[in-house]
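> My structure file my_file-v1.cif, mmCIF, C-alpha atoms, is below:
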```
data_input
#
loop_
_atom_site.label_atom_id
_atom_site.label_comp_id
_atom_site.auth_asym_id
_atom_site.auth_seq_id
_atom_site.Cartn_x
_atom_site.Cartn_y
_atom_site.Cartn_z
CA MET Y 271 -14.71 -34.28 52.91
CA LEU Y 272 -16.81 -32.79 50.10
CA SER Y 273 -18.12 -35.14 47.45
CA LYS Y 274 -16.98 -34.51 43.89
CA GLN Y 275 -20.44 -33.22 43.01
CA ASN Y 276 -20.53 -30.82 45.97
CA HIS Y 277 -17.00 -29.69 45.19
CA ASN Y 278 -18.02 -28.86 41.62
CA VAL Y 279 -21.07 -26.91 42.85
CA THR Y 280 -18.92 -25.00 45.35
CA GLU Y 281 -16.37 -24.17 42.64
CA LEU Y 282 -19.14 -23.04 40.28
CA ASN Y 283 -20.66 -20.80 42.96
CA PHE Y 284 -17.22 -19.32 43.69
CA ARG Y 285 -16.72 -18.51 40.00
CA ARG Y 286 -20.14 -16.88 39.82
CA PHE Y 287 -19.35 -14.81 42.90
CA ALA Y 288 -16.00 -13.74 41.42
CA ASP Y 289 -17.64 -12.82 38.11
CA ASN Y 290 -20.40 -10.86 39.83
CA ASP Y 291 -17.83 -9.11 42.02
CA ARG Y 292 -15.88 -8.00 38.93
CA LEU Y 293 -19.03 -6.68 37.29
CA ARG Y 294 -19.96 -4.67 40.40
CA ARG Y 295 -16.69 -2.73 40.23
CA PRO Y 296 -16.63 0.61 38.42
CA PRO Y 297 -15.28 0.08 34.91
CA LEU Y 298 -11.59 0.70 34.34
CA ARG Y 299 -11.01 3.95 32.50
CA VAL Y 300 -8.64 3.22 29.62
CA ALA Y 301 -7.21 5.84 27.23
CA TYR Y 302 -6.28 4.40 23.84
CA VAL Y 303 -3.52 6.45 22.21
CA SER Y 304 -2.79 6.56 18.47
CA HIS Y 305 -0.12 8.62 16.75
CA LEU Y 306 -2.16 8.51 13.52
CA ASN Y 307 -5.77 9.45 12.85
CA ASP Y 308 -6.77 7.00 10.16
CA LEU Y 309 -7.78 3.34 9.95
CA ARG Y 310 -5.46 2.27 7.14
CA MET Y 311 -2.64 0.88 9.25
CA GLY Y 312 -2.75 -2.39 11.14
CA GLY Y 313 -2.11 -0.76 14.50
CA GLN Y 314 -5.11 1.57 14.26
CA ARG Y 315 -7.34 -1.26 12.98
CA SER Y 316 -6.19 -3.36 15.93
CA ILE Y 317 -7.05 -0.62 18.45
CA ALA Y 318 -10.44 -0.11 16.82
CA ALA Y 319 -11.21 -3.83 16.95
CA LEU Y 320 -10.21 -3.97 20.63
CA VAL Y 321 -12.40 -0.98 21.57
CA GLN Y 322 -15.27 -2.53 19.64
CA HIS Y 323 -15.07 -5.92 21.36
CA ILE Y 324 -13.78 -5.35 24.89
CA ASP Y 325 -16.36 -5.77 27.67
CA ARG Y 326 -17.80 -2.27 28.14
CA ARG Y 327 -19.18 -3.26 31.53
CA GLN Y 328 -15.58 -3.51 32.72
CA VAL Y 329 -13.82 -0.92 30.55
CA GLU Y 330 -14.77 2.66 29.76
CA PRO Y 331 -12.66 3.64 26.74
CA PHE Y 332 -11.29 7.08 25.90
CA GLY Y 333 -9.31 8.12 22.83
CA ILE Y 334 -6.24 10.27 22.24
CA CYS Y 335 -5.00 11.04 18.71
CA PRO Y 336 -3.85 13.95 16.54
CA GLY Y 337 -6.49 16.03 14.78
CA THR Y 338 -9.65 14.57 13.29
CA GLY Y 339 -10.02 11.66 10.91
CA ALA Y 340 -11.37 8.15 10.49
CA PHE Y 341 -9.88 6.92 13.76
CA SER Y 342 -11.35 9.69 15.92
CA GLU Y 343 -14.68 9.38 14.09
CA PHE Y 344 -14.75 5.66 14.86
CA LEU Y 345 -14.07 6.30 18.56
CA THR Y 346 -16.75 9.00 18.71
CA GLN Y 347 -19.29 6.66 17.17
CA ALA Y 348 -18.26 4.07 19.76
CA ASP Y 349 -19.24 6.57 22.51
CA CYS Y 350 -15.62 7.39 23.42
CA GLN Y 351 -14.53 10.84 24.50
CA VAL Y 352 -11.60 11.84 22.24
CA LEU Y 353 -8.76 14.25 22.99
CA SER Y 354 -7.01 15.78 19.99
CA VAL Y 355 -3.33 16.22 20.77
CA ASP Y 356 -0.15 16.69 18.75
CA PHE Y 357 2.94 14.50 19.24
CA PRO Y 358 5.72 16.75 17.86
CA ALA Y 359 9.14 15.39 16.98
CA LEU Y 360 11.50 15.31 19.95
CA LYS Y 361 13.69 18.19 18.81
CA LEU Y 362 14.84 21.29 20.68
CA ILE Y 363 13.08 23.51 18.15
CA ASN Y 364 9.78 21.93 19.27
CA ILE Y 365 10.34 22.40 23.01
CA PHE Y 366 7.28 24.62 23.60
CA ARG Y 367 4.99 22.26 21.66
CA ILE Y 368 6.48 19.30 23.55
CA VAL Y 369 5.79 20.89 26.94
CA LYS Y 370 2.26 21.86 25.87
CA THR Y 371 1.51 18.27 24.83
CA LEU Y 372 2.90 16.83 28.07
CA LEU Y 373 0.83 19.24 30.17
CA ARG Y 374 -2.34 18.52 28.18
CA LEU Y 375 -1.86 14.76 28.56
CA ARG Y 376 -1.12 15.04 32.27
CA ARG Y 377 -4.23 17.13 32.92
CA TYR Y 378 -6.33 14.70 30.87
CA PHE Y 379 -5.06 11.63 32.74
CA ARG Y 380 -5.66 13.33 36.10
CA ASP Y 381 -8.99 15.04 35.40
CA ARG Y 382 -10.55 11.95 33.76
CA SER Y 383 -9.10 9.62 36.41
CA ILE Y 384 -7.55 7.46 33.69
CA ASP Y 385 -6.55 4.07 35.10
CA ILE Y 386 -4.59 2.78 32.11
CA VAL Y 387 -2.97 4.54 29.18
CA HIS Y 388 -2.74 2.08 26.28
CA SER Y 389 -0.27 3.28 23.62
CA ASP Y 390 1.48 1.48 20.77
CA GLU Y 391 4.01 3.75 19.07
CA GLU Y 392 7.43 4.78 20.35
CA ARG Y 393 7.16 8.57 20.42
CA SER Y 394 3.55 8.80 21.63
CA THR Y 395 4.31 6.16 24.27
CA LEU Y 396 7.21 8.23 25.60
CA TYR Y 397 4.95 11.28 25.83
CA CYS Y 398 2.43 9.23 27.82
CA ASN Y 399 5.12 7.72 30.04
CA ILE Y 400 6.48 11.15 30.99
CA ALA Y 401 3.04 12.72 31.41
CA ALA Y 402 1.97 9.93 33.78
CA ILE Y 403 4.97 10.22 36.14
CA GLY Y 404 3.67 10.71 39.68
CA LEU Y 405 0.05 9.95 38.72
CA ALA Y 406 -1.93 6.82 39.50
CA SER Y 407 -2.34 6.07 35.77
CA LYS Y 408 -0.54 2.96 34.54
CA VAL Y 409 1.07 3.01 31.09
CA LEU Y 410 0.76 -0.06 28.88
CA TYR Y 411 3.04 -0.15 25.83
CA HIS Y 412 1.65 -2.33 23.02
CA VAL Y 413 4.66 -3.34 20.89
CA ARG Y 414 3.63 -4.04 17.29
CA THR Y 415 6.88 -4.13 15.28
CA ALA Y 416 10.15 -6.04 15.54
CA ARG Y 417 12.29 -3.05 14.51
CA PRO Y 418 14.52 -1.72 17.34
CA HIS Y 419 14.01 1.96 18.18
CA HIS Y 420 16.24 4.46 19.94
CA LEU Y 421 13.49 5.06 22.54
CA ASP Y 422 13.20 1.38 23.47
CA ALA Y 423 15.27 1.49 26.66
CA LEU Y 424 13.49 4.58 28.01
CA ASN Y 425 9.99 3.32 27.21
CA LEU Y 426 10.75 -0.09 28.73
CA ARG Y 427 12.00 1.49 31.95
CA LEU Y 428 9.07 3.92 32.31
CA ALA Y 429 6.14 1.75 31.17
CA ASP Y 430 4.31 -0.36 33.74
CA ALA Y 431 3.82 -3.26 31.32
CA LEU Y 432 4.36 -4.27 27.69
CA ILE Y 433 2.26 -6.35 25.32
CA GLY Y 434 4.03 -7.91 22.36
CA ILE Y 435 1.88 -8.99 19.43
CA SER Y 436 4.40 -11.81 19.01
CA ARG Y 437 7.60 -13.12 20.57
CA GLY Y 438 9.38 -11.66 17.56
CA ALA Y 439 8.09 -8.18 18.41
CA LEU Y 440 9.43 -8.42 21.96
CA ALA Y 441 12.79 -9.79 20.80
CA ARG Y 442 13.96 -6.23 20.13
CA PHE Y 443 14.14 -5.80 23.94
CA ARG Y 444 16.02 -9.05 24.62
CA SER Y 445 19.18 -7.25 25.80
CA TYR Y 446 17.26 -5.60 28.65
CA ALA Y 447 16.96 -7.72 31.79
CA MET Y 448 13.61 -6.27 32.91
CA ILE Y 449 11.75 -7.30 29.75
CA GLU Y 450 10.79 -10.71 31.17
CA SER Y 451 9.06 -9.29 34.23
CA LYS Y 452 7.24 -6.53 32.35
CA SER Y 453 6.02 -8.19 29.17
CA THR Y 454 3.49 -10.67 27.87
CA VAL Y 455 2.61 -11.91 24.38
CA ILE Y 456 -0.97 -11.42 23.21
CA PHE Y 457 -1.70 -12.16 19.57
CA ASN Y 458 -3.85 -9.65 17.71
CA GLY Y 459 -7.43 -10.57 16.92
CA VAL Y 460 -9.59 -10.58 13.81
CA ASP Y 461 -13.36 -10.23 13.80
CA SER Y 462 -14.55 -13.37 12.03
CA ARG Y 463 -18.01 -11.81 11.72
CA THR Y 464 -16.59 -9.18 9.36
CA PHE Y 465 -13.67 -11.06 7.79
CA VAL Y 466 -15.44 -14.06 6.28
CA PRO Y 467 -15.03 -16.21 3.17
CA ALA Y 468 -17.13 -15.19 0.17
CA GLU Y 469 -20.39 -17.05 -0.20
CA ASP Y 470 -19.95 -16.88 -3.97
CA LYS Y 471 -16.36 -16.11 -4.97
CA SER Y 472 -17.18 -15.62 -8.66
CA GLU Y 473 -19.88 -13.10 -7.84
CA THR Y 474 -17.57 -11.23 -5.47
CA ARG Y 475 -14.90 -11.09 -8.16
CA SER Y 476 -17.40 -9.82 -10.71
CA GLN Y 477 -18.48 -7.06 -8.34
CA LEU Y 478 -14.82 -6.05 -7.89
CA GLU Y 479 -14.20 -6.27 -11.66
CA LEU Y 480 -11.74 -9.13 -11.25
CA PRO Y 481 -11.38 -12.11 -13.61
CA THR Y 482 -13.34 -15.10 -12.34
CA GLN Y 483 -11.01 -17.85 -13.59
CA ARG Y 484 -7.48 -16.58 -12.95
CA PHE Y 485 -5.38 -17.39 -9.90
CA ILE Y 486 -5.12 -14.07 -8.04
CA VAL Y 487 -2.48 -13.08 -5.47
CA ALA Y 488 -2.80 -9.85 -3.47
CA PHE Y 489 -0.31 -7.75 -1.56
CA ILE Y 490 -2.13 -5.48 0.92
CA GLY Y 491 -0.33 -2.75 2.84
CA ASN Y 492 2.13 0.09 2.35
CA ILE Y 493 3.69 -0.35 -1.07
CA LYS Y 494 7.39 0.24 -0.50
CA GLN Y 495 10.81 -1.38 -0.70
CA SER Y 496 10.93 -2.67 2.91
CA LYS Y 497 7.71 -4.61 2.34
CA GLY Y 498 9.42 -6.67 -0.35
CA ILE Y 499 7.82 -5.05 -3.40
CA SER Y 500 11.03 -5.49 -5.42
CA ASP Y 501 10.87 -9.22 -4.68
CA LEU Y 502 7.28 -9.36 -5.93
CA ILE Y 503 8.34 -7.62 -9.14
CA ALA Y 504 11.21 -10.08 -9.60
CA ALA Y 505 8.93 -13.05 -8.77
CA TRP Y 506 6.46 -12.02 -11.48
CA GLN Y 507 9.33 -11.69 -13.92
CA HIS Y 508 10.30 -15.28 -13.05
CA LEU Y 509 6.70 -16.39 -13.53
CA GLY Y 510 6.56 -14.63 -16.90
CA ARG Y 511 9.56 -16.63 -18.10
CA ARG Y 512 8.21 -19.98 -16.84
CA LEU Y 513 4.47 -19.80 -17.61
CA ASP Y 514 2.37 -19.31 -20.70
CA PRO Y 515 0.55 -15.96 -20.74
CA GLU Y 516 -2.83 -17.64 -20.22
CA SER Y 517 -1.49 -19.41 -17.10
CA MET Y 518 -0.06 -16.29 -15.46
CA PRO Y 519 -1.51 -15.34 -12.06
CA LEU Y 520 -2.77 -11.82 -11.53
CA LEU Y 521 -1.00 -9.72 -8.86
CA LEU Y 522 -2.94 -7.02 -7.01
CA LEU Y 523 -0.93 -4.40 -5.12
CA ILE Y 524 -3.45 -2.71 -2.81
CA GLY Y 525 -2.41 0.17 -0.59
CA ASP Y 526 -0.71 3.52 -0.38
CA ALA Y 527 2.36 3.77 -2.63
CA ALA Y 528 5.31 5.43 -0.92
CA GLU Y 529 6.27 8.48 -2.97
CA GLY Y 530 9.88 8.41 -4.15
CA ASP Y 531 10.44 4.82 -3.00
CA PRO Y 532 12.79 3.02 -5.45
CA ALA Y 533 10.58 -0.08 -5.69
CA VAL Y 534 7.50 2.04 -6.38
CA SER Y 535 9.34 4.07 -9.02
CA ALA Y 536 10.50 0.88 -10.74
CA LEU Y 537 6.98 -0.58 -10.63
CA GLN Y 538 5.36 2.55 -12.03
CA GLY Y 539 7.81 2.45 -14.94
CA LEU Y 540 7.03 -1.21 -15.65
CA LEU Y 541 3.26 -0.74 -15.61
CA HIS Y 542 3.49 1.12 -18.94
CA THR Y 543 4.55 -2.11 -20.69
CA PRO Y 544 2.02 -4.70 -22.02
CA PHE Y 545 3.19 -7.60 -19.80
CA TRP Y 546 2.79 -5.68 -16.56
CA ARG Y 547 -0.50 -4.06 -17.54
CA GLU Y 548 -1.88 -7.54 -18.16
CA HIS Y 549 -0.61 -9.27 -15.04
CA VAL Y 550 -0.28 -6.60 -12.31
CA ARG Y 551 -2.74 -4.04 -10.97
CA LEU Y 552 -1.76 -1.17 -8.67
CA LEU Y 553 -4.76 -0.12 -6.57
CA PRO Y 554 -5.21 2.49 -3.81
CA HIS Y 555 -6.25 1.63 -0.26
CA GLN Y 556 -9.65 -0.07 -0.19
CA GLY Y 557 -12.11 0.51 2.64
CA ASN Y 558 -13.81 -2.84 2.00
CA ILE Y 559 -10.55 -4.77 2.16
CA GLN Y 560 -12.26 -7.89 3.56
CA GLU Y 561 -14.15 -8.27 0.25
CA TRP Y 562 -10.91 -8.17 -1.72
CA MET Y 563 -9.37 -10.74 0.63
CA SER Y 564 -12.32 -13.07 0.15
CA ALA Y 565 -12.09 -12.67 -3.64
CA VAL Y 566 -8.41 -13.59 -4.11
CA ASP Y 567 -6.69 -16.98 -3.86
CA ALA Y 568 -3.71 -15.87 -1.79
CA VAL Y 569 -2.37 -12.89 0.14
CA VAL Y 570 1.40 -12.41 0.24
CA LEU Y 571 3.57 -10.49 2.72
CA PRO Y 572 7.20 -10.62 1.49
CA SER Y 573 8.69 -8.18 4.04
CA TYR Y 574 12.40 -8.26 4.81
CA GLN Y 575 12.23 -7.42 8.51
CA GLY Y 576 10.41 -5.42 11.15
CA GLU Y 577 7.00 -7.12 11.00
CA GLY Y 578 5.65 -7.76 14.47
CA MET Y 579 3.47 -10.45 12.91
CA GLY Y 580 1.62 -9.20 9.86
CA ARG Y 581 -2.05 -8.62 10.65
CA VAL Y 582 -2.96 -8.93 6.99
CA LEU Y 583 -2.06 -12.64 7.03
CA PHE Y 584 -4.58 -13.82 9.59
CA GLU Y 585 -7.20 -11.41 8.24
CA ALA Y 586 -6.67 -13.12 4.89
CA MET Y 587 -6.95 -16.57 6.48
CA ALA Y 588 -10.25 -15.53 8.07
CA CYS Y 589 -11.48 -14.66 4.57
CA GLY Y 590 -10.50 -18.03 3.14
CA ALA Y 591 -7.37 -16.82 1.32
CA ILE Y 592 -4.05 -18.65 1.51
CA ALA Y 593 -1.45 -16.75 3.53
CA ILE Y 594 2.10 -16.51 2.15
CA GLY Y 595 4.67 -14.72 4.31
CA SER Y 596 8.40 -14.18 4.69
CA ASP Y 597 10.09 -16.54 7.13
CA ILE Y 598 11.07 -13.77 9.56
CA ALA Y 599 10.52 -13.18 13.27
CA GLY Y 600 6.89 -12.50 14.05
CA VAL Y 601 5.50 -13.61 10.70
CA ARG Y 602 6.52 -17.22 11.34
CA GLU Y 603 4.37 -17.14 14.48
CA ALA Y 604 1.30 -16.33 12.40
CA LEU Y 605 1.54 -19.42 10.19
CA THR Y 606 1.90 -23.13 10.76
CA ALA Y 607 2.97 -25.72 8.21
CA ASP Y 608 -0.63 -26.62 7.40
CA SER Y 609 -2.17 -23.12 7.55
CA GLY Y 610 0.08 -21.15 5.17
CA LEU Y 611 3.37 -20.81 3.33
CA LEU Y 612 6.63 -19.38 4.67
CA ILE Y 613 9.11 -18.20 2.05
CA PRO Y 614 12.73 -17.10 2.69
CA PRO Y 615 12.95 -13.29 2.53
CA ALA Y 616 14.56 -11.71 -0.52
CA ALA Y 617 14.15 -14.94 -2.53
CA PRO Y 618 11.86 -14.07 -5.47
CA ASP Y 619 12.72 -17.25 -7.37
CA GLU Y 620 11.52 -19.39 -4.45
CA LEU Y 621 8.38 -17.27 -4.17
CA ALA Y 622 7.68 -17.81 -7.87
CA HIS Y 623 8.31 -21.56 -7.53
CA SER Y 624 5.98 -21.80 -4.52
CA ILE Y 625 3.19 -19.99 -6.38
CA ILE Y 626 3.52 -22.32 -9.36
CA SER Y 627 3.47 -25.35 -7.07
CA LEU Y 628 0.42 -24.02 -5.25
CA MET Y 629 -1.47 -23.24 -8.45
CA SER Y 630 -1.01 -26.80 -9.69
CA ASP Y 631 -2.26 -28.48 -6.49
CA PRO Y 632 -5.96 -27.77 -5.71
CA ASP Y 633 -5.96 -30.23 -2.80
CA ARG Y 634 -3.10 -28.37 -1.15
CA GLN Y 635 -4.90 -25.07 -1.69
CA GLU Y 636 -8.00 -26.43 0.04
CA ARG Y 637 -5.95 -27.76 2.95
CA TYR Y 638 -4.36 -24.36 3.54
CA ARG Y 639 -7.74 -22.64 3.33
CA VAL Y 640 -9.41 -24.98 5.81
CA HIS Y 641 -6.61 -24.94 8.38
CA GLY Y 642 -5.96 -21.21 7.91
CA LEU Y 643 -9.62 -20.39 8.51
CA GLN Y 644 -9.67 -22.56 11.63
CA ARG Y 645 -6.50 -20.93 12.97
CA ALA Y 646 -7.85 -17.42 12.34
CA ARG Y 647 -11.08 -18.19 14.18
CA THR Y 648 -9.37 -19.72 17.22
CA VAL Y 649 -5.81 -18.49 17.78
CA PHE Y 650 -6.59 -15.03 16.35
CA SER Y 651 -10.15 -14.65 17.63
CA ILE Y 652 -10.92 -11.01 18.48
CA ASP Y 653 -12.93 -12.14 21.51
CA ARG Y 654 -9.96 -14.10 22.82
CA HIS Y 655 -7.68 -11.11 22.18
CA ALA Y 656 -10.02 -8.70 24.00
CA GLN Y 657 -10.33 -11.02 27.00
CA ASN Y 658 -6.55 -11.47 27.25
CA VAL Y 659 -6.04 -7.70 27.19
CA LEU Y 660 -8.76 -7.22 29.81
CA ASP Y 661 -7.09 -9.81 32.04
CA LEU Y 662 -3.86 -7.81 31.82
CA TYR Y 663 -5.70 -4.56 32.65
CA GLN Y 664 -7.08 -6.20 35.78
CA GLN Y 665 -3.61 -7.36 36.78
CA LEU Y 666 -2.36 -3.78 36.47
CA ILE Y 667 -5.30 -2.38 38.48
CA PRO Y 668 -6.20 -5.21 40.87
CA SER Y 669 -8.05 -3.12 43.48
CA ALA Y 670 -11.69 -3.96 44.11
CA THR Y 671 -12.66 -0.31 43.58
CA GLY Y 672 -11.76 -0.54 39.89
CA SER Y 673 -10.26 2.94 39.51
CA ALA Y 674 -6.66 3.68 40.36
CA TYR Y 675 -7.90 7.08 41.48
CA GLY Y 676 -10.35 5.57 43.92
#
```
I need this file expressed as structure tokens, please.

Amino acid sequence: MLSKQNHNVTELNFRRFADNDRLRRPPLRVAYVSHLNDLRMGGQRSIAALVQHIDRRQVEPFGICPGTGAFSEFLTQADCQVLSVDFPALKLINIFRIVKTLLRLRRYFRDRSIDIVHSDEERSTLYCNIAAIGLASKVLYHVRTARPHHLDALNLRLADALIGISRGALARFRSYAMIESKSTVIFNGVDSRTFVPAEDKSETRSQLELPTQRFIVAFIGNIKQSKGISDLIAAWQHLGRRLDPESMPLLLLIGDAAEGDPAVSALQGLLHTPFWREHVRLLPHQGNIQEWMSAVDAVVLPSYQGEGMGRVLFEAMACGAIAIGSDIAGVREALTADSGLLIPPAAPDELAHSIISLMSDPDRQERYRVHGLQRARTVFSIDRHAQNVLDLYQQLIPSATGSAYG
């Protein structure tokens, strides 16, 4: 019988052999598919972070997206070959464009010997699923939202595997028996080398032309009704009735405002009045969003439904901001009782009360910051995320030769 010491040495040598064997294989050829060509949305930022941090000795990434833009430029700079392809609406009038896209994708998968097609939006995933029929390429559907979609059943049946960014995101498929055998939950990751707390918060605020002494809350994302913007407006009205003007927190709304959205129209009308000009700022999308996160006290996500998790919350935690989110599927998986605040959706009075309570309790603020930062760096580590995704790739393509095309 082996001694414990010899057993440990044998196990260590076996692990080294297994690791070396994996590294000797040709890298898996993975095509990352985006239906948008910018880096403003959480899905595209998530793909970019994965490409940036996955082990390039084991994965050779490719890119597929419409046209040219920030997303394709990022992939090109990351030494990825990028295919520009259109994903037209699935309507009879578009039949020739649909066929052209399917043929282009199929040729690309075959000619580049793509092992895995990694897609995360319903329509583009269906295109990839159909284009890959009969090929060796495996299709991985990365589910990022909790909203059901009319293509769910078809994509679930055709895809080889699904990743859910939370259990809440996968719950939309709960009526389909095959979801258990095809899916796994892998939380998104945040790069804690980029998203970091400010070394000097006052200096960061000064650089961003923000007041250094006020309590500042930020909403970051698409500014529209479904994101709970009306609730934020109502919450600030509650705060205005309960606080002195000098005690009022400042609200930053950072992102693209949805044109014609009722909440946006109401907000734009209010911003002409003195109260709202003083206590609310509407700002466009910011490329240096991590600096804004590190400058504010809290980041709020008051969505009603549909959030797969809310990437902005753990990005905020990584920057030392307090995360406040709606208590809905997905979002509640991002926060724990000691790392952030969960507020009932569509309850602006409770949101206002929670902000007042938080402002008056510095010790509680510090506790949320410390535990939120720790959670972001461990549970939502980008390195952990990339390794979990790589493990799934290797389960899909287990052959020692690496490539599904041999």
> Evaluate the PyMOL selection byres ((chain Y and resi 548) around 10) on the structure here and hand back the selected residues as a ChimeraX atom specification.
/Y:515,518-521,541,543-547,549-551
> Mind checking which residues fall within 7 Å of Phe489 in chain Y, counting only C-alpha atoms, ignoring those fewer than 6 positions away in the same chain, and posting them as an mmCIF file with C-alpha atoms, in the frame of the given file?

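The resulting file, out17.cif, is shown below:
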```cif
data_model
loop_
_atom_site.group_PDB
_atom_site.id
_atom_site.type_symbol
_atom_site.label_atom_id
_atom_site.label_comp_id
_atom_site.auth_asym_id
_atom_site.auth_seq_id
_atom_site.Cartn_x
_atom_site.Cartn_y
_atom_site.Cartn_z
ATOM 1 C CA LEU Y 522 -2.940 -7.020 -7.010
ATOM 2 C CA LEU Y 523 -0.930 -4.400 -5.120
ATOM 3 C CA ILE Y 524 -3.450 -2.710 -2.810
ATOM 4 C CA VAL Y 569 -2.370 -12.890 0.140
ATOM 5 C CA VAL Y 570 1.400 -12.410 0.240
ATOM 6 C CA LEU Y 571 3.570 -10.490 2.720
#
```
> Could you write out as a list in words the residues that the PyMOL selection byres ((chain Y and resi 639) around 8) matches in the shown file?
Met587, Gly590, Ala591, Ile592, Ser609, Gln635, Glu636, Arg637, Tyr638, Val640, His641, Gly642 and Leu643 of chain Y
> Applying the PyMOL selection byres ((chain Y and resi 602) around 12) to the file I just gave you, which residues come out? Please list them as a PyMOL selection string.
chain Y and resi 436-439+571-573+575+577-580+583-584+593-601+603-607+609-615
> Given all atoms listed in the file as the basis, pick out the residue of Y:Cys398, Y:Cys350, Y:Leu372, Y:Leu410 nearest to Leu660 in chain Y.
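Between Y:Cys398, Y:Cys350, Y:Leu372, Y:Leu410, the residue approaching Leu660 in chain Y most closely is Y:Leu410.
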> Which distance in Å separates CA of Val387 in chain Y and CA of Val649 in chain Y, to one decimal?
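CA of Val387 in chain Y sits 25.9 Å away from CA of Val649 in chain Y.
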> Using all atoms listed in the file, which residue out of Y:Ile499, Y:Val460, Y:Leu537, Y:Ala617 lies closest to Val582 in chain Y?
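Using all atoms listed in the file, Val582 in chain Y sits closest to Y:Val460.
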> Which residues are near Ala441 in chain Y? Cut-off 12 Å, all atoms listed in the file, ignore same chain within fewer than 4 positions. Put them as a PyMOL selection string.
chain Y and resi 413-418+422+433-437+445-447+449-450+453-455+576-578+599-600
> Would you save the residues of that selection, restricted to C-alpha atoms, as a PDB file, keeping the file's coordinate frame?

```pdb
ATOM      1  CA  VAL Y 413       4.660  -3.340  20.890  1.00  0.00           C
ATOM      2  CA  ARG Y 414       3.630  -4.040  17.290  1.00  0.00           C
ATOM      3  CA  THR Y 415       6.880  -4.130  15.280  1.00  0.00           C
ATOM      4  CA  ALA Y 416      10.150  -6.040  15.540  1.00  0.00           C
ATOM      5  CA  ARG Y 417      12.290  -3.050  14.510  1.00  0.00           C
ATOM      6  CA  PRO Y 418      14.520  -1.720  17.340  1.00  0.00           C
ATOM      7  CA  ASP Y 422      13.200   1.380  23.470  1.00  0.00           C
ATOM      8  CA  ILE Y 433       2.260  -6.350  25.320  1.00  0.00           C
ATOM      9  CA  GLY Y 434       4.030  -7.910  22.360  1.00  0.00           C
ATOM     10  CA  ILE Y 435       1.880  -8.990  19.430  1.00  0.00           C
ATOM     11  CA  SER Y 436       4.400 -11.810  19.010  1.00  0.00           C
ATOM     12  CA  ARG Y 437       7.600 -13.120  20.570  1.00  0.00           C
ATOM     13  CA  SER Y 445      19.180  -7.250  25.800  1.00  0.00           C
ATOM     14  CA  TYR Y 446      17.260  -5.600  28.650  1.00  0.00           C
ATOM     15  CA  ALA Y 447      16.960  -7.720  31.790  1.00  0.00           C
ATOM     16  CA  ILE Y 449      11.750  -7.300  29.750  1.00  0.00           C
ATOM     17  CA  GLU Y 450      10.790 -10.710  31.170  1.00  0.00           C
ATOM     18  CA  SER Y 453       6.020  -8.190  29.170  1.00  0.00           C
ATOM     19  CA  THR Y 454       3.490 -10.670  27.870  1.00  0.00           C
ATOM     20  CA  VAL Y 455       2.610 -11.910  24.380  1.00  0.00           C
ATOM     21  CA  GLY Y 576      10.410  -5.420  11.150  1.00  0.00           C
ATOM     22  CA  GLU Y 577       7.000  -7.120  11.000  1.00  0.00           C
ATOM     23  CA  GLY Y 578       5.650  -7.760  14.470  1.00  0.00           C
ATOM     24  CA  ALA Y 599      10.520 -13.180  13.270  1.00  0.00           C
ATOM     25  CA  GLY Y 600       6.890 -12.500  14.050  1.00  0.00           C
TER      26      GLY Y 600
END
```
> Find the spatial neighbours of Phe332 in chain Y, counting all atoms listed in the file, within a cut-off of 12 Å - ignore same-chain residues fewer than 2 positions away - and output them as a VMD selection string.
chain Y and resid 298 to 304 317 to 318 321 326 329 to 330 334 to 335 342 344 to 354 378 to 379 382 to 389
> Excluding Asn307 in chain Y and its own-chain neighbours fewer than 5 positions away, which residues fall within 7 Å of it when counting only C-alpha atoms? Please give them as a list of chain:residue names.
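With the cut-off at 7 Å, the set is Y:Cys335, Y:Pro336, Y:Gly337, Y:Thr338, Y:Gly339, Y:Ala340, Y:Phe341, Y:Ser342.
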